[in-house]
>>> print(open('upload.txt').read())   # compact mmCIF, C-alpha atoms and all ligand atoms
# COMPACT_ATOMS: atom_id res chain seq x y z
CA MET A 28 24.91 -9.17 -12.12
CA ALA A 29 24.59 -12.70 -13.41
CA GLU A 30 23.04 -14.19 -10.29
CA LEU A 31 20.98 -13.02 -7.40
CA GLY A 32 22.59 -14.58 -4.35
CA ALA A 33 22.74 -13.26 -0.80
CA SER A 34 25.73 -10.99 -1.42
CA GLU A 35 24.33 -9.50 -4.68
CA ILE A 36 21.05 -8.81 -2.89
CA ALA A 37 22.83 -7.09 0.00
CA GLU A 38 24.87 -5.02 -2.47
CA LEU A 39 21.81 -4.01 -4.51
CA ILE A 40 19.83 -2.75 -1.53
CA ALA A 41 22.63 -1.16 0.53
CA PRO A 42 22.33 2.28 -1.14
CA LEU A 43 18.55 2.25 -0.67
CA ARG A 44 18.64 1.82 3.08
CA VAL A 45 18.09 4.91 5.21
CA PRO A 46 20.74 4.93 7.96
CA ALA A 47 19.20 5.24 11.43
CA GLY A 48 19.41 8.79 12.71
CA SER A 49 20.24 10.36 9.32
CA LYS A 50 18.54 13.52 8.17
CA VAL A 51 16.77 12.85 4.88
CA ARG A 52 15.66 15.36 2.28
CA LEU A 53 13.82 13.05 -0.08
CA PRO A 54 13.97 14.97 -3.38
CA HIS A 55 17.62 15.76 -2.79
CA ASP A 56 18.93 12.44 -1.45
CA PHE A 57 17.09 9.82 -3.53
CA ASP A 58 16.64 9.81 -7.31
CA PRO A 59 13.34 8.17 -8.38
CA GLY A 60 14.82 7.46 -11.82
CA TYR A 61 17.85 5.57 -10.54
CA HIS A 62 18.46 2.05 -11.79
CA ALA A 63 21.74 0.30 -11.22
CA GLY A 64 23.62 1.03 -14.48
CA PHE A 65 24.77 -2.55 -14.86
CA LEU A 66 21.19 -3.80 -15.21
CA ASN A 67 18.77 -3.51 -18.10
CA LYS A 68 15.14 -4.44 -18.42
CA SER A 69 15.77 -7.96 -19.72
CA ASP A 70 18.25 -8.69 -16.89
CA GLY A 71 15.46 -7.34 -14.75
CA LYS A 72 12.95 -10.01 -15.81
CA ARG A 73 15.40 -12.81 -15.09
CA LEU A 74 16.43 -11.40 -11.73
CA LEU A 75 12.85 -10.84 -10.65
CA LYS A 76 12.09 -14.46 -11.51
CA ARG A 77 15.02 -15.52 -9.32
CA GLY A 78 13.86 -13.19 -6.53
CA VAL A 79 10.38 -14.70 -6.69
CA GLU A 80 11.85 -18.23 -6.42
CA LEU A 81 13.95 -17.20 -3.43
CA LEU A 82 10.93 -15.74 -1.66
CA ALA A 83 8.93 -18.91 -2.26
CA GLU A 84 11.66 -21.06 -0.77
CA TYR A 85 12.19 -18.88 2.28
CA GLN A 86 8.51 -18.46 2.89
CA SER A 87 8.10 -22.21 3.00
CA ARG A 88 10.86 -22.45 5.63
CA LEU A 89 9.39 -19.53 7.59
CA ALA A 90 6.05 -21.34 7.74
CA ALA A 91 7.61 -24.68 8.72
CA GLN A 92 9.64 -23.11 11.53
CA ASP A 93 6.59 -21.20 12.77
CA THR A 94 8.65 -18.95 15.06
CA TYR A 95 9.12 -15.67 13.21
CA GLY A 96 6.81 -13.50 11.17
CA LEU A 97 7.74 -10.85 8.62
CA LEU A 98 5.89 -7.58 8.20
CA VAL A 99 6.49 -5.69 4.95
CA VAL A 100 5.31 -2.07 5.00
CA LEU A 101 4.67 -0.51 1.58
CA GLN A 102 4.15 3.22 1.21
CA ALA A 103 3.93 5.40 -1.89
CA LEU A 104 2.05 8.28 -3.39
CA ASP A 105 -0.86 7.49 -5.72
CA ALA A 106 0.33 5.59 -8.80
CA GLY A 107 3.60 4.77 -7.05
CA GLY A 108 3.18 1.09 -7.94
CA LYS A 109 2.19 -0.54 -4.65
CA ASP A 110 -0.45 -2.88 -6.13
CA GLY A 111 1.73 -3.99 -9.06
CA THR A 112 4.68 -4.59 -6.77
CA ILE A 113 2.64 -6.85 -4.50
CA LYS A 114 1.21 -8.72 -7.49
CA HIS A 115 4.57 -9.37 -9.14
CA VAL A 116 6.87 -9.80 -6.15
CA MET A 117 4.61 -12.20 -4.29
CA SER A 118 3.52 -14.11 -7.41
CA GLY A 119 5.44 -17.26 -6.51
CA VAL A 120 4.66 -17.66 -2.83
CA ASN A 121 2.08 -19.95 -1.32
CA PRO A 122 -1.05 -17.83 -0.75
CA GLN A 123 -1.59 -19.61 2.60
CA GLY A 124 1.57 -18.03 3.92
CA VAL A 125 0.84 -14.42 3.00
CA THR A 126 -1.65 -11.81 4.18
CA VAL A 127 -2.16 -8.46 2.49
CA HIS A 128 -3.96 -5.59 4.23
CA SER A 129 -4.85 -2.43 2.35
CA PHE A 130 -5.58 0.48 4.63
CA LYS A 131 -8.13 3.06 3.54
CA VAL A 132 -9.77 6.05 5.21
CA PRO A 133 -10.48 4.83 8.78
CA SER A 134 -14.02 3.70 9.64
CA ALA A 135 -16.05 5.07 12.56
CA THR A 136 -15.12 2.03 14.65
CA GLU A 137 -11.44 2.47 13.85
CA LEU A 138 -11.62 6.16 14.73
CA SER A 139 -13.04 5.22 18.12
CA HIS A 140 -9.77 3.51 19.08
CA ASP A 141 -6.17 4.61 19.47
CA TYR A 142 -4.52 5.28 16.12
CA LEU A 143 -2.39 2.10 16.05
CA TRP A 144 -5.30 -0.18 16.93
CA ARG A 145 -6.36 -1.16 13.41
CA TYR A 146 -2.79 -1.89 12.33
CA ALA A 147 -2.14 -4.06 15.39
CA GLN A 148 -5.20 -6.17 14.42
CA SER A 149 -3.61 -6.96 11.10
CA THR A 150 -0.02 -7.94 11.82
CA PRO A 151 1.07 -11.33 10.45
CA SER A 152 1.11 -14.39 12.66
CA ARG A 153 4.23 -16.46 13.22
CA GLY A 154 5.27 -18.28 10.07
CA GLN A 155 3.59 -15.69 7.84
CA ILE A 156 4.58 -12.80 5.66
CA GLY A 157 2.21 -9.86 6.14
CA ILE A 158 2.07 -6.97 3.73
CA PHE A 159 0.70 -3.57 4.66
CA ASN A 160 -0.45 -1.81 1.49
CA ARG A 161 -0.38 1.65 3.12
CA SER A 162 0.16 1.36 6.84
CA HIS A 163 0.43 3.04 10.23
CA TYR A 164 2.69 5.53 8.44
CA GLU A 165 -0.41 7.17 6.98
CA GLU A 166 -0.82 8.46 10.55
CA VAL A 167 2.18 10.74 10.01
CA LEU A 168 1.62 11.29 6.26
CA VAL A 169 -1.94 11.94 5.07
CA VAL A 170 -2.94 12.84 8.63
CA ARG A 171 -0.11 15.36 8.82
CA VAL A 172 -0.69 16.83 5.36
CA HIS A 173 -4.44 17.12 6.06
CA PRO A 174 -4.79 17.88 9.79
CA GLU A 175 -8.59 17.59 9.64
CA ASN A 176 -7.89 13.82 9.81
CA LEU A 177 -6.39 14.40 13.23
CA ASP A 178 -9.54 16.22 14.36
CA ARG A 179 -11.60 13.20 13.34
CA GLN A 180 -9.56 11.06 15.74
CA ARG A 181 -11.13 12.89 18.73
CA LEU A 182 -7.90 13.03 20.69
CA PRO A 183 -7.70 14.78 24.05
CA SER A 184 -6.05 18.17 23.63
CA SER A 185 -2.87 16.97 25.37
CA ALA A 186 -2.40 14.37 22.59
CA LYS A 187 -2.60 16.81 19.69
CA ASP A 188 -0.39 19.62 20.88
CA ASP A 189 2.69 20.85 18.99
CA GLY A 190 4.68 17.72 19.73
CA VAL A 191 2.19 15.34 18.13
CA TRP A 192 4.34 14.23 15.18
CA ARG A 193 7.50 13.72 17.22
CA ARG A 194 5.48 11.74 19.71
CA ARG A 195 3.97 9.60 16.97
CA TYR A 196 7.42 8.81 15.54
CA ARG A 197 8.52 7.67 18.99
CA GLU A 198 5.36 5.63 19.55
CA ILE A 199 5.68 3.96 16.14
CA ASN A 200 9.35 3.16 16.79
CA ASP A 201 8.45 1.71 20.20
CA TRP A 202 5.63 -0.38 18.74
CA GLU A 203 7.87 -1.73 15.98
CA ARG A 204 10.58 -2.51 18.51
CA TYR A 205 8.08 -4.44 20.60
CA LEU A 206 7.04 -6.48 17.55
CA SER A 207 10.63 -7.05 16.56
CA ASP A 208 11.65 -8.15 20.09
CA ASN A 209 8.86 -10.69 19.95
CA GLY A 210 9.86 -12.34 16.69
CA PHE A 211 8.22 -10.12 14.08
CA ARG A 212 10.75 -8.74 11.69
CA ILE A 213 9.79 -5.49 9.93
CA VAL A 214 11.02 -3.98 6.67
CA LYS A 215 9.64 -0.77 5.23
CA ILE A 216 9.65 0.20 1.58
CA LEU A 217 8.90 3.62 0.18
CA LEU A 218 8.28 3.42 -3.57
CA ASN A 219 9.68 6.77 -4.61
CA ILE A 220 8.26 8.21 -7.86
CA SER A 221 8.87 11.57 -9.49
CA LYS A 222 6.14 14.11 -10.12
CA GLU A 223 6.51 13.70 -13.89
CA GLU A 224 6.20 9.91 -13.69
CA GLN A 225 3.05 10.27 -11.58
CA ARG A 226 1.62 12.60 -14.26
CA GLN A 227 2.37 10.03 -16.98
CA ARG A 228 0.77 7.23 -14.99
CA PHE A 229 -2.35 9.29 -14.29
CA LEU A 230 -2.64 10.06 -18.01
CA LYS A 231 -2.38 6.34 -18.77
CA ARG A 232 -5.17 5.66 -16.28
CA LEU A 233 -7.31 8.22 -18.09
CA ASP A 234 -6.42 6.93 -21.56
CA ARG A 235 -7.00 3.25 -21.00
CA PRO A 236 -10.56 2.08 -20.29
CA ASP A 237 -9.22 -0.91 -18.35
CA LYS A 238 -7.33 1.49 -16.08
CA ASN A 239 -10.07 4.14 -15.62
CA TRP A 240 -11.31 2.54 -12.41
CA LYS A 241 -7.94 3.19 -10.82
CA PHE A 242 -8.28 6.92 -11.28
CA SER A 243 -10.07 9.17 -8.87
CA SER A 244 -10.33 12.92 -9.29
CA ALA A 245 -9.19 13.14 -5.65
CA ASP A 246 -5.82 11.87 -6.94
CA VAL A 247 -5.30 15.15 -8.82
CA THR A 248 -6.27 17.20 -5.76
CA GLU A 249 -3.80 15.18 -3.70
CA ARG A 250 -1.09 15.77 -6.31
CA GLY A 251 -1.47 19.47 -5.48
CA TYR A 252 0.06 18.67 -2.08
CA TRP A 253 3.17 17.14 -3.65
CA ASP A 254 5.68 19.28 -1.74
CA ASP A 255 3.89 18.75 1.57
CA TYR A 256 4.08 14.99 1.04
CA GLN A 257 7.78 15.16 0.15
CA ARG A 258 8.36 17.02 3.42
CA ALA A 259 6.25 14.57 5.42
CA PHE A 260 8.12 11.62 3.82
CA SER A 261 11.48 13.24 4.61
CA GLU A 262 10.56 13.74 8.27
CA MET A 263 9.16 10.23 8.54
CA LEU A 264 12.32 8.70 7.05
CA SER A 265 14.55 10.83 9.29
CA HIS A 266 12.79 9.73 12.47
CA THR A 267 11.61 6.18 11.91
CA SER A 268 14.39 4.29 10.14
CA THR A 269 15.77 2.14 12.96
CA SER A 270 18.11 -0.80 13.28
CA TRP A 271 15.09 -3.02 14.09
CA ALA A 272 12.80 -1.68 11.35
CA PRO A 273 14.76 0.06 8.59
CA TRP A 274 13.34 2.08 5.71
CA TYR A 275 14.39 1.43 2.12
CA VAL A 276 13.72 4.12 -0.46
CA VAL A 277 13.14 2.22 -3.70
CA PRO A 278 13.50 4.22 -6.93
CA ALA A 279 10.16 3.63 -8.60
CA ASP A 280 10.08 5.49 -11.92
CA HIS A 281 11.13 2.23 -13.61
CA LYS A 282 8.64 -0.40 -12.55
CA TRP A 283 10.90 -3.31 -13.47
CA PHE A 284 13.67 -1.94 -11.25
CA ALA A 285 11.34 -1.13 -8.34
CA ARG A 286 10.10 -4.72 -8.37
CA ILE A 287 13.58 -6.22 -8.27
CA CYS A 288 14.51 -3.93 -5.40
CA ALA A 289 11.35 -4.70 -3.44
CA SER A 290 11.88 -8.43 -3.87
CA ALA A 291 15.54 -8.00 -2.85
CA VAL A 292 14.60 -6.08 0.32
CA ILE A 293 12.13 -8.79 1.34
CA ALA A 294 14.50 -11.62 0.41
CA ASN A 295 17.30 -9.97 2.39
CA ALA A 296 15.13 -9.81 5.51
CA LEU A 297 14.30 -13.50 5.14
CA ILE A 298 17.93 -14.44 4.50
CA GLU A 299 18.89 -12.62 7.70
CA LEU A 300 16.13 -14.40 9.64
CA ASP A 301 17.41 -17.66 8.16
CA PRO A 302 14.38 -19.82 9.00
CA ARG A 303 15.07 -23.57 9.06
CA TYR A 304 12.90 -26.62 8.63
CA PRO A 305 12.48 -28.18 12.09
CA GLU A 306 14.93 -30.99 12.79
CA VAL A 307 13.36 -34.40 13.03
CA SER A 308 14.22 -36.05 16.35
CA LYS A 309 15.47 -39.63 16.63
CA SER A 310 12.15 -40.90 17.95
CA ALA A 311 10.21 -39.03 15.24
CA ARG A 312 12.51 -40.56 12.63
CA ARG A 313 11.76 -44.01 14.05
CA GLU A 314 8.03 -43.26 13.74
CA LEU A 315 8.53 -42.19 10.12
CA ALA A 316 10.39 -45.43 9.37
CA GLU A 317 7.59 -47.47 10.94
CA ALA A 318 4.94 -45.60 8.98
CA ARG A 319 6.87 -46.29 5.80
CA LYS A 320 7.12 -50.00 6.63
CA ALA A 321 3.39 -50.22 7.28
CA LEU A 322 2.54 -48.42 4.04
CA GLU A 323 4.92 -50.53 1.97
CA ALA A 324 3.50 -53.72 3.46
CA GLU A 325 -0.04 -52.79 2.40
CA ALA A 326 -1.19 -54.60 -0.72
CA PRO A 327 -2.01 -52.14 -3.49
CA ASP A 328 -5.67 -52.03 -4.54
CA SER A 329 -6.20 -54.08 -7.59
P1 LIG B 1 -6.10 3.80 -2.24
O1 LIG B 1 -4.89 3.22 -1.57
O2 LIG B 1 -5.82 4.51 -3.50
O3 LIG B 1 -7.21 2.82 -2.34
O4 LIG B 1 -6.65 4.95 -1.28
C1 LIG B 1 -6.80 4.83 0.09
C2 LIG B 1 -7.01 6.19 0.66
O5 LIG B 1 -7.14 6.10 2.07
C3 LIG B 1 -5.87 7.16 0.38
O6 LIG B 1 -6.36 8.36 -0.12
C4 LIG B 1 -5.26 7.37 1.77
O7 LIG B 1 -4.72 8.67 1.92
C5 LIG B 1 -6.44 7.13 2.68
N1 LIG B 1 -5.99 6.73 4.01
C6 LIG B 1 -5.30 5.65 4.36
N2 LIG B 1 -5.02 5.63 5.68
C7 LIG B 1 -5.56 6.76 6.19
C8 LIG B 1 -5.62 7.35 7.49
N3 LIG B 1 -5.06 6.74 8.54
N4 LIG B 1 -6.26 8.52 7.63
C9 LIG B 1 -6.84 9.12 6.57
N5 LIG B 1 -6.82 8.65 5.32
C10 LIG B 1 -6.19 7.48 5.12
MG MG B 2 -5.58 5.53 -5.21
>>> encode(input="upload.txt", output="C-alpha cells", more="lines below")
Ligand code: AMP
Ligand code: MG
Amino acid sequence: MAELGASEIAELIAPLRVPAGSKVRLPHDFDPGYHAGFLNKSDGKRLLKRGVELLAEYQSRLAAQDTYGLLVVLQALDAGGKDGTIKHVMSGVNPQGVTVHSFKVPSATELSHDYLWRYAQSTPSRGQIGIFNRSHYEEVLVVRVHPENLDRQRLPSSAKDDGVWRRRYREINDWERYLSDNGFRIVKILLNISKEEQRQRFLKRLDRPDKNWKFSSADVTERGYWDDYQRAFSEMLSHTSTSWAPWYVVPADHKWFARICASAVIANALIELDPRYPEVSKSARRELAEARKALEAEAPDS
C-alpha cells in the first residue's frame, strides 16, 4: 500500500466493520494480533503521517462548513491503547476543532439523571470532531459486568427487569439515530487487545517509573473479569452496530497498526461526509475585491 487514498482506506477498514445484525463472538471472530500482511511497522509510520494530514484537511473543511459534526466513540479494556490512539491520531488537527471527553465512574449528580444524560451533554457541536474516551457503552459494559453499578442508578424496578440490556441497546441505537438524522455522524471503535498483550502492558506500567501512575491495582481485579467483558463486548457489537453508527473492531496488539486503522476509520467517515468550504457568492466576491483594492491603496507605514 504505497498511498493512503479514499479507496485504500475503505479497503483497509472493510474487514474491521461489524455488519449490522450480525452475531459476534469477539474472541472467535476478531484476531487482536492481526495486521494486514502487506504492511510493516515502517510503512505504518508513513501511512499514519498521511492519515494525520488527511484528518487535518477534512477537519478544517468540517469546521468551515459548520453543518455536520463527527462523534468518535473509543472503547477498550484497560491498557487497550485509547489514550495513545487519541494522542497520535489527532496530533495534526487544529485543537479548536476537537473535543475529547473521558468518562469515569459517574458522579452523584450524573447518577441523579437518566443514564444517557451525561453523554448527551458532551456531544460535539456542528463543525467539530468529538471523541468519547469511554462512552455511553460503559452503560452496557462495566455496568453489566458489575450490576452493583445499576443499583447505584436508582432506577424504578420496571427499568431494571430482565430486559434491561436489550432495552438499553435499543435506546442507544435510537439515540444515535436521532443524532445521525440531525447531522451528527457517529463511528465507534473497539480497540481489541488480547489477554497476553494486556499482561505485557501492565508489566511495563509496573516496570517503568514514568508509567507507574497509569497502573491501578483495580486493573488487575478487573482483568479477572476478562471473559465477562468479552461476552459483554460480543453482545454489544451484535446489537448496536447499525448502518447509521457502525462498530469497527480494531486489532490492537500492535499499536502502530491500531493507530493506522483508527485514523482510517475516522478519515473514512469524513470522506463520506465530504464537507466543503462554503462557496463565495457573487456579491461576497465583489466585497472581497473591494477590500483588496482598499488595502492595496493604503500607503505602507514607513
Ligand atoms: P480510566 O479510563 O482508566 O481512567 O478509568 C475510568 C473508570 O471509570 C473505569 O474503571 C471505568 O470502568 C469506569 N467507568 C466509566 N464509565 C462508567 C459507568 N458508566 N459506570 C461505572 N463505571 C464507569
Ligand atoms: Mg485505567
>>> residues_around(input="upload.txt", residues="Asp201 (chain A)", least_positions_apart="6", cutoff="12 Å", atoms="all atoms listed in the file", output="ChimeraX atom specification")
/A:143,194-195,207-208,266-269,271-272
>>> closest_residue(input="upload.txt", among="A:Val170, A:Cys288, A:Leu98, A:Val276", to="ligand LIG 1 (chain B)", atoms="all atoms listed in the file")
A:Val170
>>> residues_near_ligand(input="upload.txt", ligand="ligand LIG 1 (chain B)", cutoff="10 Å", atoms="all atoms listed in the file", output="VMD selection string")
chain A and resid 102 to 106 109 to 110 129 to 134 137 to 138 142 to 143 145 to 146 160 to 177 179 to 180 241 to 243 245 to 246 249
>>> residues_near_point(input="upload.txt", point="(2.6, -4.4, -5.2)", cutoff="12 Å", atoms="only C-alpha atoms", output="NGL selection string")
:A and (99-103 or 106-118 or 127-129 or 158-161 or 216-218 or 279 or 282-283 or 285-290)
>>> closest_residue(input="upload.txt", among="A:Ser149, A:Ser185, A:Ser87, A:Gln225", to="ligand MG 2 (chain B)", atoms="only C-alpha atoms and all ligand atoms")
A:Gln225
